[in-house]
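With mmCIF, C-alpha atoms inside, this is final.cif:
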```cif
data_start
#
loop_
_atom_site.label_atom_id
_atom_site.label_comp_id
_atom_site.auth_asym_id
_atom_site.auth_seq_id
_atom_site.Cartn_x
_atom_site.Cartn_y
_atom_site.Cartn_z
CA MET H 1 18.29 92.32 145.18
CA LEU H 2 17.58 94.80 147.96
CA ARG H 3 21.20 94.55 149.16
CA HIS H 4 22.68 95.41 145.75
CA GLY H 5 23.32 98.87 144.45
CA ARG H 6 21.30 101.04 142.12
CA LYS H 7 23.61 100.22 139.20
CA VAL H 8 22.67 96.53 139.31
CA ALA H 9 18.97 97.34 139.52
CA ASP H 10 19.16 99.80 136.64
CA ALA H 11 21.03 97.27 134.49
CA THR H 12 18.40 94.56 135.01
CA ILE H 13 16.13 94.29 131.94
CA SER H 14 14.73 90.77 132.45
CA PHE H 15 13.17 89.41 135.66
CA HIS H 16 11.49 86.00 136.06
CA VAL H 17 9.87 84.62 139.19
CA VAL H 18 8.33 81.13 138.97
CA LEU H 19 7.15 79.65 142.28
CA ASP H 20 5.06 76.53 142.90
CA LYS H 21 5.17 77.09 146.65
CA PRO H 22 3.39 79.82 148.63
CA ILE H 23 5.23 83.14 148.66
CA MET H 24 5.68 84.40 152.18
CA GLN H 25 7.06 87.90 151.54
CA VAL H 26 4.94 89.72 148.96
CA ALA H 27 6.25 93.03 150.28
CA THR H 28 9.85 91.95 149.58
CA LEU H 29 9.06 90.98 146.00
CA ARG H 30 7.17 94.24 145.51
CA ALA H 31 10.18 96.20 146.79
CA CYS H 32 12.37 94.39 144.25
CA LEU H 33 9.99 95.27 141.41
CA GLN H 34 9.93 98.93 142.44
CA ARG H 35 13.71 99.11 142.11
CA LEU H 36 13.80 97.57 138.60
CA ARG H 37 12.93 100.70 136.67
CA ASN H 38 14.31 99.54 133.30
CA LEU H 39 12.67 96.14 132.97
CA GLU H 40 11.77 95.02 129.46
CA ASP H 41 10.76 91.39 130.23
CA LEU H 42 8.74 90.33 133.27
CA GLN H 43 7.44 86.89 134.19
CA LEU H 44 5.47 86.36 137.39
CA SER H 45 4.14 82.84 137.90
CA LEU H 46 3.04 82.52 141.52
CA ARG H 47 0.77 79.49 141.80
CA HIS H 48 -0.45 79.98 145.34
CA LEU H 49 -0.72 83.76 145.53
CA LYS H 50 -4.25 84.87 146.38
CA HIS H 51 -6.16 87.62 144.60
CA SER H 52 -5.50 90.12 147.38
CA GLY H 53 -1.78 89.30 147.22
CA TRP H 54 -1.68 90.00 143.48
CA ARG H 55 -3.35 93.35 144.05
CA ARG H 56 -0.79 94.32 146.69
CA LEU H 57 2.08 93.14 144.51
CA LEU H 58 1.24 95.02 141.31
CA ARG H 59 -0.64 98.08 142.57
CA ASN H 60 0.84 101.24 140.99
CA ILE H 61 3.85 99.33 139.66
CA CYS H 62 5.02 100.80 136.34
CA PHE H 63 7.87 99.98 133.97
CA THR H 64 8.27 102.47 131.14
CA ARG H 65 10.18 100.04 128.88
CA LEU H 66 8.24 96.82 129.50
CA ASP H 67 7.29 95.01 126.28
CA LEU H 68 6.95 91.38 127.45
CA PHE H 69 4.70 90.22 130.30
CA TYR H 70 3.92 86.60 131.25
CA SER H 71 1.78 85.94 134.31
CA ASN H 72 -0.85 83.75 135.94
CA ALA H 73 -2.35 86.72 137.80
CA PRO H 74 -6.15 87.22 137.85
CA HIS H 75 -7.28 89.05 134.72
CA ASP H 76 -8.82 92.00 136.55
CA VAL H 77 -5.42 92.60 138.17
CA ILE H 78 -3.67 92.15 134.81
CA SER H 79 -6.04 94.60 133.13
CA GLN H 80 -5.13 97.36 135.61
CA PHE H 81 -1.45 96.59 135.09
CA LEU H 82 -1.65 96.49 131.28
CA TRP H 83 -3.38 99.79 130.76
CA SER H 84 -0.43 101.58 132.35
CA HIS H 85 2.01 99.65 130.12
CA SER H 86 1.06 100.61 126.59
CA ARG H 87 4.37 99.40 125.11
CA ILE H 88 3.66 95.72 125.80
CA ALA H 89 4.04 93.68 122.61
CA PHE H 90 4.22 90.12 123.96
CA LEU H 91 1.60 88.88 126.41
CA ARG H 92 1.05 85.41 127.89
CA ILE H 93 -1.67 84.88 130.47
CA GLU H 94 -3.46 81.88 131.95
CA GLU H 95 -7.00 80.84 132.89
CA CYS H 96 -9.68 83.42 133.51
CA VAL H 97 -12.20 83.11 136.34
CA LYS H 98 -14.76 85.43 134.77
CA ALA H 99 -17.60 82.95 135.59
CA GLY H 100 -19.71 83.69 132.52
CA ARG H 101 -19.02 87.42 132.48
CA SER H 102 -16.90 89.17 129.87
CA CYS H 103 -13.17 89.05 130.46
CA PRO H 104 -11.82 92.12 132.33
CA LEU H 105 -9.38 92.57 129.44
CA ASP H 106 -12.24 93.30 127.05
CA GLY H 107 -12.06 96.71 125.39
CA GLY H 108 -8.50 97.55 126.34
CA GLN H 109 -6.11 99.00 123.79
CA LEU H 110 -2.42 98.12 123.56
CA PRO H 111 -1.12 99.74 120.36
CA GLU H 112 2.11 97.68 120.28
CA LEU H 113 0.56 94.29 121.07
CA CYS H 114 1.53 91.73 118.41
CA ASP H 115 1.85 88.34 120.18
CA VAL H 116 -0.84 86.92 122.51
CA SER H 117 -1.12 83.60 124.34
CA ALA H 118 -4.33 83.24 126.36
CA PRO H 119 -7.51 81.18 126.81
CA VAL H 120 -9.72 81.34 123.72
CA GLY H 121 -12.36 83.58 125.27
CA CYS H 122 -9.75 86.07 126.46
CA VAL H 123 -7.99 86.12 123.10
CA LEU H 124 -11.31 87.36 121.74
CA SER H 125 -11.09 90.32 124.12
CA LEU H 126 -7.52 91.15 123.14
CA VAL H 127 -7.65 90.93 119.33
CA LYS H 128 -10.61 93.29 118.93
CA ASN H 129 -8.75 96.57 119.27
CA ASN H 130 -5.09 95.62 118.93
CA PRO H 131 -2.69 94.89 116.02
CA VAL H 132 -2.13 91.23 116.96
CA SER H 133 -0.27 89.13 114.38
CA ARG H 134 0.56 86.01 116.45
CA VAL H 135 -2.08 84.15 118.51
CA THR H 136 -1.88 81.12 120.78
CA ALA H 137 -5.43 80.27 121.85
CA GLN H 138 -5.67 77.80 124.72
CA GLN H 139 -8.50 75.28 125.18
CA GLY H 140 -11.98 76.22 124.13
CA ALA H 141 -15.22 74.61 122.98
CA PRO H 142 -16.02 74.58 119.21
CA LEU H 143 -18.59 77.37 119.65
CA ILE H 144 -16.02 79.61 121.34
CA ILE H 145 -13.47 78.82 118.63
CA THR H 146 -16.08 79.73 116.02
CA ALA H 147 -16.56 83.07 117.77
CA LEU H 148 -12.81 83.58 117.82
CA MET H 149 -12.54 82.90 114.09
CA SER H 150 -15.38 85.32 113.38
CA SER H 151 -13.70 87.95 115.52
CA LEU H 152 -10.36 87.46 113.77
CA ALA H 153 -12.03 87.75 110.38
CA SER H 154 -13.71 91.04 111.28
CA THR H 155 -11.06 92.73 113.42
CA THR H 156 -7.60 91.87 112.10
CA THR H 157 -6.07 91.42 108.69
CA ASN H 158 -2.45 90.90 109.73
CA LEU H 159 -2.63 87.59 111.64
CA THR H 160 0.27 85.48 110.37
CA VAL H 161 0.91 82.95 113.17
CA LEU H 162 -1.81 80.94 114.94
CA GLU H 163 -1.55 78.20 117.59
CA LEU H 164 -4.90 76.74 118.57
CA ASP H 165 -6.17 74.03 120.92
CA VAL H 166 -8.86 72.11 119.01
CA ASN H 167 -11.35 69.37 119.77
CA PRO H 168 -10.68 66.24 117.66
CA SER H 169 -14.38 66.08 116.80
CA ASP H 170 -14.38 69.59 115.30
CA PHE H 171 -14.28 68.70 111.61
CA ASP H 172 -14.67 72.25 110.27
CA VAL H 173 -12.00 73.99 112.34
CA LEU H 174 -9.52 74.19 109.46
CA GLY H 175 -12.13 75.65 107.13
CA ARG H 176 -13.00 78.34 109.66
CA ILE H 177 -9.32 79.18 110.09
CA VAL H 178 -8.90 79.59 106.32
CA ARG H 179 -11.87 81.93 106.15
CA ALA H 180 -10.81 83.96 109.19
CA ALA H 181 -7.04 84.20 108.72
CA PRO H 182 -6.08 83.66 105.04
CA ALA H 183 -2.69 85.37 105.46
CA LEU H 184 -1.28 82.78 107.91
CA THR H 185 2.33 81.77 107.35
CA ALA H 186 2.46 79.33 110.30
CA LEU H 187 -0.31 77.21 111.86
CA LYS H 188 -0.12 74.84 114.83
CA LEU H 189 -3.12 72.73 115.89
CA LEU H 190 -3.06 70.94 119.25
CA GLU H 191 -5.75 68.33 119.80
CA THR H 192 -7.25 68.40 123.27
CA GLN H 193 -7.47 65.10 125.11
CA THR H 194 -11.20 65.07 125.77
CA PHE H 195 -12.44 61.90 124.09
CA LYS H 196 -13.41 58.78 126.02
CA SER H 197 -15.30 56.98 123.25
CA ARG H 198 -13.14 54.51 121.36
CA ARG H 199 -15.06 55.04 118.13
CA SER H 200 -14.90 58.83 118.22
CA HIS H 201 -11.26 58.64 119.31
CA GLN H 202 -10.41 57.15 115.91
CA ARG H 203 -12.20 59.80 113.83
CA ARG H 204 -10.05 62.71 112.72
CA ALA H 205 -10.65 65.26 109.96
CA TRP H 206 -6.99 65.19 108.96
CA LYS H 207 -7.18 61.48 108.11
CA ASP H 208 -9.13 62.51 105.00
CA GLY H 209 -5.91 63.66 103.39
CA LYS H 210 -7.43 64.75 100.09
CA SER H 211 -10.05 67.02 101.67
CA TRP H 212 -7.63 68.33 104.31
CA GLY H 213 -5.04 69.14 101.64
CA LYS H 214 -7.61 71.00 99.55
CA THR H 215 -8.53 73.15 102.55
CA LEU H 216 -4.88 73.79 103.44
CA ARG H 217 -4.28 75.10 99.91
CA GLY H 218 -6.68 77.92 100.83
CA LEU H 219 -3.90 79.24 103.07
CA THR H 220 -1.80 80.38 100.13
CA HIS H 221 0.97 81.91 102.28
CA LEU H 222 1.31 79.00 104.73
CA GLN H 223 4.91 77.83 105.05
CA HIS H 224 4.85 75.83 108.29
CA PHE H 225 2.11 73.49 109.56
CA ALA H 226 2.16 71.48 112.80
CA LEU H 227 -0.33 69.01 114.27
CA ARG H 228 -0.30 67.32 117.69
CA THR H 229 -2.57 64.33 118.27
CA SER H 230 -2.94 61.69 120.97
CA LEU H 231 -3.75 59.12 118.31
CA TYR H 232 -1.21 56.27 118.08
CA THR H 233 -0.44 56.14 114.38
CA PRO H 234 3.16 55.06 113.76
CA ALA H 235 2.19 53.50 110.44
CA ILE H 236 1.08 56.93 109.22
CA PHE H 237 3.66 59.17 110.82
CA CYS H 238 6.86 57.16 111.05
CA ASN H 239 6.89 54.90 107.98
CA ILE H 240 8.14 56.31 104.71
CA GLY H 241 5.48 54.77 102.47
CA SER H 242 2.11 55.53 104.04
CA GLY H 243 3.45 58.60 105.82
CA ALA H 244 4.68 60.19 102.62
CA TYR H 245 1.32 59.48 100.97
CA LEU H 246 -0.62 61.31 103.67
CA ILE H 247 1.86 64.18 103.78
CA GLU H 248 1.73 64.57 100.00
CA GLN H 249 -2.04 64.78 100.21
CA TRP H 250 -1.74 67.56 102.78
CA GLY H 251 1.13 69.43 101.18
CA GLY H 252 0.34 68.50 97.61
CA GLY H 253 2.53 66.38 95.41
CA LYS H 254 4.08 67.31 92.11
CA VAL H 255 0.68 67.44 90.40
CA ARG H 256 -1.10 69.84 92.78
CA PRO H 257 1.50 71.30 95.15
CA HIS H 258 0.63 73.68 97.94
CA PRO H 259 1.68 77.17 96.82
CA ALA H 260 3.93 77.86 99.83
CA LEU H 261 4.10 74.98 102.33
CA GLN H 262 7.67 73.84 103.06
CA ARG H 263 7.60 72.10 106.45
CA ILE H 264 5.18 69.85 108.37
CA LEU H 265 5.58 68.68 111.96
CA LEU H 266 3.52 65.79 113.30
CA TRP H 267 3.48 64.94 117.00
CA HIS H 268 1.59 61.67 117.36
CA SER H 269 0.82 59.54 120.43
CA PHE H 270 1.00 62.65 122.60
CA GLY H 271 0.79 61.78 126.29
CA THR H 272 1.86 58.14 125.81
CA ILE H 273 5.13 56.21 125.91
CA HIS H 274 5.07 56.12 122.10
CA SER H 275 5.14 59.92 121.79
CA CYS H 276 7.04 60.97 118.67
CA ILE H 277 7.59 64.13 116.61
CA SER H 278 8.19 63.60 112.89
CA VAL H 279 9.57 66.39 110.74
CA TRP H 280 8.73 66.49 107.02
CA GLU H 281 10.28 68.90 104.55
CA LEU H 282 9.71 69.63 100.87
CA LEU H 283 12.94 68.88 99.02
CA GLN H 284 13.07 69.15 95.25
CA SER H 285 9.27 68.89 94.95
CA THR H 286 9.19 65.73 97.11
CA TRP H 287 8.09 65.44 100.73
CA ARG H 288 10.76 63.69 102.82
CA ARG H 289 10.91 62.84 106.52
CA SER H 290 14.03 64.63 107.76
CA ASN H 291 13.88 63.67 111.44
CA ASP H 292 12.07 61.76 114.19
CA PHE H 293 12.21 62.75 117.85
CA HIS H 294 11.12 59.88 120.09
CA ASP H 295 11.90 61.83 123.25
CA ALA H 296 9.25 64.36 122.27
CA VAL H 297 9.20 67.64 124.22
CA PRO H 298 7.46 70.93 123.40
CA SER H 299 10.75 72.70 122.64
CA LEU H 300 11.17 70.42 119.59
CA PHE H 301 7.68 71.15 118.30
CA VAL H 302 8.52 74.45 116.61
#
```
In structure tokens, write the structure found in this file.
Amino acid sequence: MLRHGRKVADATISFHVVLDKPIMQVATLRACLQRLRNLEDLQLSLRHLKHSGWRRLLRNICFTRLDLFYSNAPHDVISQFLWSHSRIAFLRIEECVKAGRSCPLDGGQLPELCDVSAPVGCVLSLVKNNPVSRVTAQQGAPLIITALMSSLASTTTNLTVLELDVNPSDFDVLGRIVRAAPALTALKLLETQTFKSRRSHQRRAWKDGKSWGKTLRGLTHLQHFALRTSLYTPAIFCNIGSGAYLIEQWGGGKVRPHPALQRILLWHSFGTIHSCISVWELLQSTWRRSNDFHDAVPSLFV
């Protein structure tokens, strides 16, 4: 990049650096960033860069057009970077090492922020003062998720898309989501793989299809619902008979249909050789399985 002319640098609007090995020349990367004045998208994923290296890399760096930032940088470094980039609308960050203290992102205002992907506790810090409409909340304990739902209910009314890591033993998570974000149009729940007990491993709130469906109907604008589980349940998810019965309980059959739901994705046996994504769609008032992906990858789970 340093050998190319100003025209190339000025024409660059997207810049992505993903390194799993130690970066030896932080100064070189910083020099590149300083030349890219018109960046709109920036991804910096540097797994082995130390805190001091992040500070040197991003200190006083500013992009006037930046609206997307993905990074695994420490959150105190990110906070300093964000507050000089008020146009950011899309933000994806990773784990926070706040060690019991409040996240450094707490209290900051980004007036254009609409899409956030972050650990649950840090999402709490970001939704308080910003017009967030899409949230991906990474792993968190039920108590933290409860706090997140309470915060969403009291601080934002325009949340329409939510992706949430949930504990399989959390039987009230859907109810809390309905109360906190009734305007959702898309919901994705990802079960965390935390269970060791065989008995508890088999218990899932969604297996009570009648109750789950009743709660889902509280999300009157919901059009897309997705669930990922490690449970091996081909009889439920891949067979027409029993699968359709469960799906109809969730989405409502002809007697009590969901007011808006059109599509359900089920990723079962996640993390095993039996991993499969089943796609169900509402066609002429009947739920039908339209596809199965046995080579399940995240890009298909949308």
Got a sec: who's within 6 Å of segment 279-292 of chain H, counting only C-alpha atoms, leaving out chain neighbours fewer than 5 positions off, as a PyMOL selection string?
chain H and resi 262-265
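The smallest atom-to-atom distance between Leu222 of chain H and any of H:Leu266, H:Ile247, H:Leu261, H:Ile273, using all atoms listed in the file, is found for H:Leu261.
Across the structure, atom CA of Leu110 of chain H and atom CA of Leu152 of chain H are spaced 16.5 Å apart.
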Please write the residues picked by the PyMOL selection byres ((chain H and resi 104) around 8) on this file as a list of chain:residue names.
H:His75, H:Asp76, H:Ser79, H:Lys98, H:Ser102, H:Cys103, H:Leu105, H:Asp106
Just to be explicit: take each residue in the selection above, keep C-alpha atoms, and write the result as an mmCIF file, in the coordinates of the input.
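Writing the result to again_10.cif gives the following:
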```
data_model
loop_
_atom_site.group_PDB
_atom_site.id
_atom_site.type_symbol
_atom_site.label_atom_id
_atom_site.label_comp_id
_atom_site.auth_asym_id
_atom_site.auth_seq_id
_atom_site.Cartn_x
_atom_site.Cartn_y
_atom_site.Cartn_z
ATOM 1 C CA HIS H 75 -7.280 89.050 134.720
ATOM 2 C CA ASP H 76 -8.820 92.000 136.550
ATOM 3 C CA SER H 79 -6.040 94.600 133.130
ATOM 4 C CA LYS H 98 -14.760 85.430 134.770
ATOM 5 C CA SER H 102 -16.900 89.170 129.870
ATOM 6 C CA CYS H 103 -13.170 89.050 130.460
ATOM 7 C CA LEU H 105 -9.380 92.570 129.440
ATOM 8 C CA ASP H 106 -12.240 93.300 127.050
#
```
Expected residue set, 10 Å radius at (-2.5, 93.0, 115.0), only C-alpha atoms, as a list in words:
Leu110, Pro111, Glu112, Leu113, Cys114, Asp115, Val116, Leu126, Val127, Lys128, Asn129, Asn130, Pro131, Val132, Ser133, Arg134, Val135, Leu152, Thr155, Thr156, Thr157, Asn158, Leu159 and Thr160 of chain H
Please expand the PyMOL selection byres ((chain H and resi 185) around 10) into the concrete residues it hits in this file, giving the result as a list in words.
Leu159, Thr160, Val161, Leu162, Ala181, Pro182, Ala183, Leu184, Ala186, Leu187, Leu219, Thr220, His221, Leu222, Gln223, His224, Phe225, Ala260 and Leu261 of chain H
The PyMOL selection byres ((chain H and resi 213) around 12) applied to the shown file, residues as a ChimeraX atom specification
/H:174-175,205-212,214-220,225,245-253,256-259,261
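Distance check against Gln34 of chain H using all atoms listed in the file: of H:Thr272, H:Tyr70, H:Ser151, H:Arg59, the minimum falls on H:Arg59.
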Selected residue of minimal separation from Ile145 of chain H among H:Val173, H:Cys62, H:Ala118, H:Leu68, counting all atoms listed in the file:
H:Val173
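Of note, atom CA of Ser125 of chain H and atom CA of Gln43 of chain H are spaced 21.4 Å apart.
Distance cut-off 12 Å, centre (23.7, 96.9, 136.1), atoms counted only C-alpha atoms; the residues meeting this are H:Met1, H:His4, H:Gly5, H:Arg6, H:Lys7, H:Val8, H:Ala9, H:Asp10, H:Ala11, H:Thr12, H:Ile13, H:Ser14, H:Arg35, H:Leu36, H:Arg37, H:Asn38, H:Leu39.
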Calculate how many Å separate atom CA of Ala180 of chain H from atom CA of Val302 of chain H, rounding to one decimal.
22.8 Å
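Closest to Arg92 of chain H among H:Arg204, H:Val178, H:Ser71, H:Gly271 is H:Ser71, based on only C-alpha atoms.
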Can you pull out every residue within 6 Å of Leu42 of chain H, counting only C-alpha atoms, but drop anything in the same chain fewer than 2 positions away, and send it as a list in words?
Phe15, His16 and Phe69 of chain H
Could you model all heavy atoms for segment 161-172 of chain H and present them as a PDB file, keeping the file's coordinate frame?
```pdb
ATOM      1  N   VAL H 161       0.531  84.142 112.411  1.00  0.00           N
ATOM      2  CA  VAL H 161       0.910  82.950 113.170  1.00  0.00           C
ATOM      3  C   VAL H 161      -0.222  82.608 114.141  1.00  0.00           C
ATOM      4  O   VAL H 161      -0.657  83.465 114.911  1.00  0.00           O
ATOM      5  CB  VAL H 161       2.225  83.171 113.950  1.00  0.00           C
ATOM      6  CG1 VAL H 161       2.574  81.920 114.753  1.00  0.00           C
ATOM      7  CG2 VAL H 161       3.355  83.524 112.996  1.00  0.00           C
ATOM      8  N   LEU H 162      -0.700  81.364 114.081  1.00  0.00           N
ATOM      9  CA  LEU H 162      -1.810  80.940 114.940  1.00  0.00           C
ATOM     10  C   LEU H 162      -1.507  79.577 115.541  1.00  0.00           C
ATOM     11  O   LEU H 162      -1.157  78.630 114.827  1.00  0.00           O
ATOM     12  CB  LEU H 162      -3.106  80.876 114.141  1.00  0.00           C
ATOM     13  CG  LEU H 162      -4.349  80.364 114.894  1.00  0.00           C
ATOM     14  CD1 LEU H 162      -4.716  81.308 116.033  1.00  0.00           C
ATOM     15  CD2 LEU H 162      -5.525  80.214 113.935  1.00  0.00           C
ATOM     16  N   GLU H 163      -1.632  79.478 116.870  1.00  0.00           N
ATOM     17  CA  GLU H 163      -1.550  78.200 117.590  1.00  0.00           C
ATOM     18  C   GLU H 163      -2.859  78.025 118.318  1.00  0.00           C
ATOM     19  O   GLU H 163      -3.273  78.897 119.082  1.00  0.00           O
ATOM     20  CB  GLU H 163      -0.384  78.187 118.560  1.00  0.00           C
ATOM     21  CG  GLU H 163      -0.273  76.900 119.369  1.00  0.00           C
ATOM     22  CD  GLU H 163       0.932  76.890 120.286  1.00  0.00           C
ATOM     23  OE1 GLU H 163       1.974  77.493 119.921  1.00  0.00           O
ATOM     24  OE2 GLU H 163       0.829  76.288 121.375  1.00  0.00           O
ATOM     25  N   LEU H 164      -3.533  76.889 118.084  1.00  0.00           N
ATOM     26  CA  LEU H 164      -4.900  76.740 118.570  1.00  0.00           C
ATOM     27  C   LEU H 164      -5.128  75.347 119.143  1.00  0.00           C
ATOM     28  O   LEU H 164      -4.797  74.338 118.513  1.00  0.00           O
ATOM     29  CB  LEU H 164      -5.862  76.978 117.395  1.00  0.00           C
ATOM     30  CG  LEU H 164      -7.358  77.032 117.694  1.00  0.00           C
ATOM     31  CD1 LEU H 164      -7.688  78.223 118.579  1.00  0.00           C
ATOM     32  CD2 LEU H 164      -8.140  77.128 116.381  1.00  0.00           C
ATOM     33  N   ASP H 165      -5.685  75.296 120.357  1.00  0.00           N
ATOM     34  CA  ASP H 165      -6.170  74.030 120.920  1.00  0.00           C
ATOM     35  C   ASP H 165      -7.500  73.701 120.254  1.00  0.00           C
ATOM     36  O   ASP H 165      -8.410  74.544 120.219  1.00  0.00           O
ATOM     37  CB  ASP H 165      -6.376  74.164 122.429  1.00  0.00           C
ATOM     38  CG  ASP H 165      -5.066  74.193 123.191  1.00  0.00           C
ATOM     39  OD1 ASP H 165      -4.007  74.063 122.561  1.00  0.00           O
ATOM     40  OD2 ASP H 165      -5.103  74.357 124.422  1.00  0.00           O
ATOM     41  N   VAL H 166      -7.642  72.481 119.725  1.00  0.00           N
ATOM     42  CA  VAL H 166      -8.860  72.110 119.010  1.00  0.00           C
ATOM     43  C   VAL H 166      -9.399  70.787 119.525  1.00  0.00           C
ATOM     44  O   VAL H 166      -8.646  69.917 119.972  1.00  0.00           O
ATOM     45  CB  VAL H 166      -8.621  72.017 117.489  1.00  0.00           C
ATOM     46  CG1 VAL H 166      -8.208  73.358 116.926  1.00  0.00           C
ATOM     47  CG2 VAL H 166      -7.590  70.957 117.156  1.00  0.00           C
ATOM     48  N   ASN H 167     -10.704  70.626 119.428  1.00  0.00           N
ATOM     49  CA  ASN H 167     -11.350  69.370 119.770  1.00  0.00           C
ATOM     50  C   ASN H 167     -11.234  68.418 118.575  1.00  0.00           C
ATOM     51  O   ASN H 167     -11.519  68.815 117.441  1.00  0.00           O
ATOM     52  CB  ASN H 167     -12.820  69.628 120.092  1.00  0.00           C
ATOM     53  CG  ASN H 167     -13.495  68.427 120.718  1.00  0.00           C
ATOM     54  OD1 ASN H 167     -13.458  67.332 120.169  1.00  0.00           O
ATOM     55  ND2 ASN H 167     -14.127  68.632 121.857  1.00  0.00           N
ATOM     56  N   PRO H 168     -10.810  67.177 118.784  1.00  0.00           N
ATOM     57  CA  PRO H 168     -10.680  66.240 117.660  1.00  0.00           C
ATOM     58  C   PRO H 168     -11.966  66.023 116.872  1.00  0.00           C
ATOM     59  O   PRO H 168     -11.917  65.634 115.705  1.00  0.00           O
ATOM     60  CB  PRO H 168     -10.226  64.937 118.336  1.00  0.00           C
ATOM     61  CG  PRO H 168      -9.601  65.365 119.611  1.00  0.00           C
ATOM     62  CD  PRO H 168     -10.366  66.586 120.062  1.00  0.00           C
ATOM     63  N   SER H 169     -13.111  66.283 117.490  1.00  0.00           N
ATOM     64  CA  SER H 169     -14.380  66.080 116.800  1.00  0.00           C
ATOM     65  C   SER H 169     -14.808  67.285 115.968  1.00  0.00           C
ATOM     66  O   SER H 169     -15.832  67.244 115.291  1.00  0.00           O
ATOM     67  CB  SER H 169     -15.486  65.758 117.815  1.00  0.00           C
ATOM     68  OG  SER H 169     -15.728  66.878 118.657  1.00  0.00           O
ATOM     69  N   ASP H 170     -14.035  68.367 116.034  1.00  0.00           N
ATOM     70  CA  ASP H 170     -14.380  69.590 115.300  1.00  0.00           C
ATOM     71  C   ASP H 170     -13.855  69.465 113.866  1.00  0.00           C
ATOM     72  O   ASP H 170     -12.715  69.810 113.574  1.00  0.00           O
ATOM     73  CB  ASP H 170     -13.772  70.802 116.000  1.00  0.00           C
ATOM     74  CG  ASP H 170     -14.263  72.108 115.419  1.00  0.00           C
ATOM     75  OD1 ASP H 170     -14.965  72.069 114.387  1.00  0.00           O
ATOM     76  OD2 ASP H 170     -13.934  73.175 115.977  1.00  0.00           O
ATOM     77  N   PHE H 171     -14.722  69.012 112.958  1.00  0.00           N
ATOM     78  CA  PHE H 171     -14.280  68.700 111.610  1.00  0.00           C
ATOM     79  C   PHE H 171     -14.168  69.932 110.714  1.00  0.00           C
ATOM     80  O   PHE H 171     -13.589  69.851 109.636  1.00  0.00           O
ATOM     81  CB  PHE H 171     -15.240  67.677 110.971  1.00  0.00           C
ATOM     82  CG  PHE H 171     -14.856  66.263 111.265  1.00  0.00           C
ATOM     83  CD1 PHE H 171     -14.880  65.792 112.574  1.00  0.00           C
ATOM     84  CD2 PHE H 171     -14.444  65.404 110.259  1.00  0.00           C
ATOM     85  CE1 PHE H 171     -14.511  64.496 112.866  1.00  0.00           C
ATOM     86  CE2 PHE H 171     -14.070  64.107 110.540  1.00  0.00           C
ATOM     87  CZ  PHE H 171     -14.102  63.640 111.846  1.00  0.00           C
ATOM     88  N   ASP H 172     -14.703  71.066 111.134  1.00  0.00           N
ATOM     89  CA  ASP H 172     -14.670  72.250 110.270  1.00  0.00           C
ATOM     90  C   ASP H 172     -13.689  73.302 110.765  1.00  0.00           C
ATOM     91  O   ASP H 172     -13.662  74.411 110.252  1.00  0.00           O
ATOM     92  CB  ASP H 172     -16.074  72.855 110.163  1.00  0.00           C
ATOM     93  CG  ASP H 172     -16.158  73.934 109.090  1.00  0.00           C
ATOM     94  OD1 ASP H 172     -15.587  73.716 107.993  1.00  0.00           O
ATOM     95  OD2 ASP H 172     -16.759  74.993 109.356  1.00  0.00           O
TER      96      ASP H 172
END
```
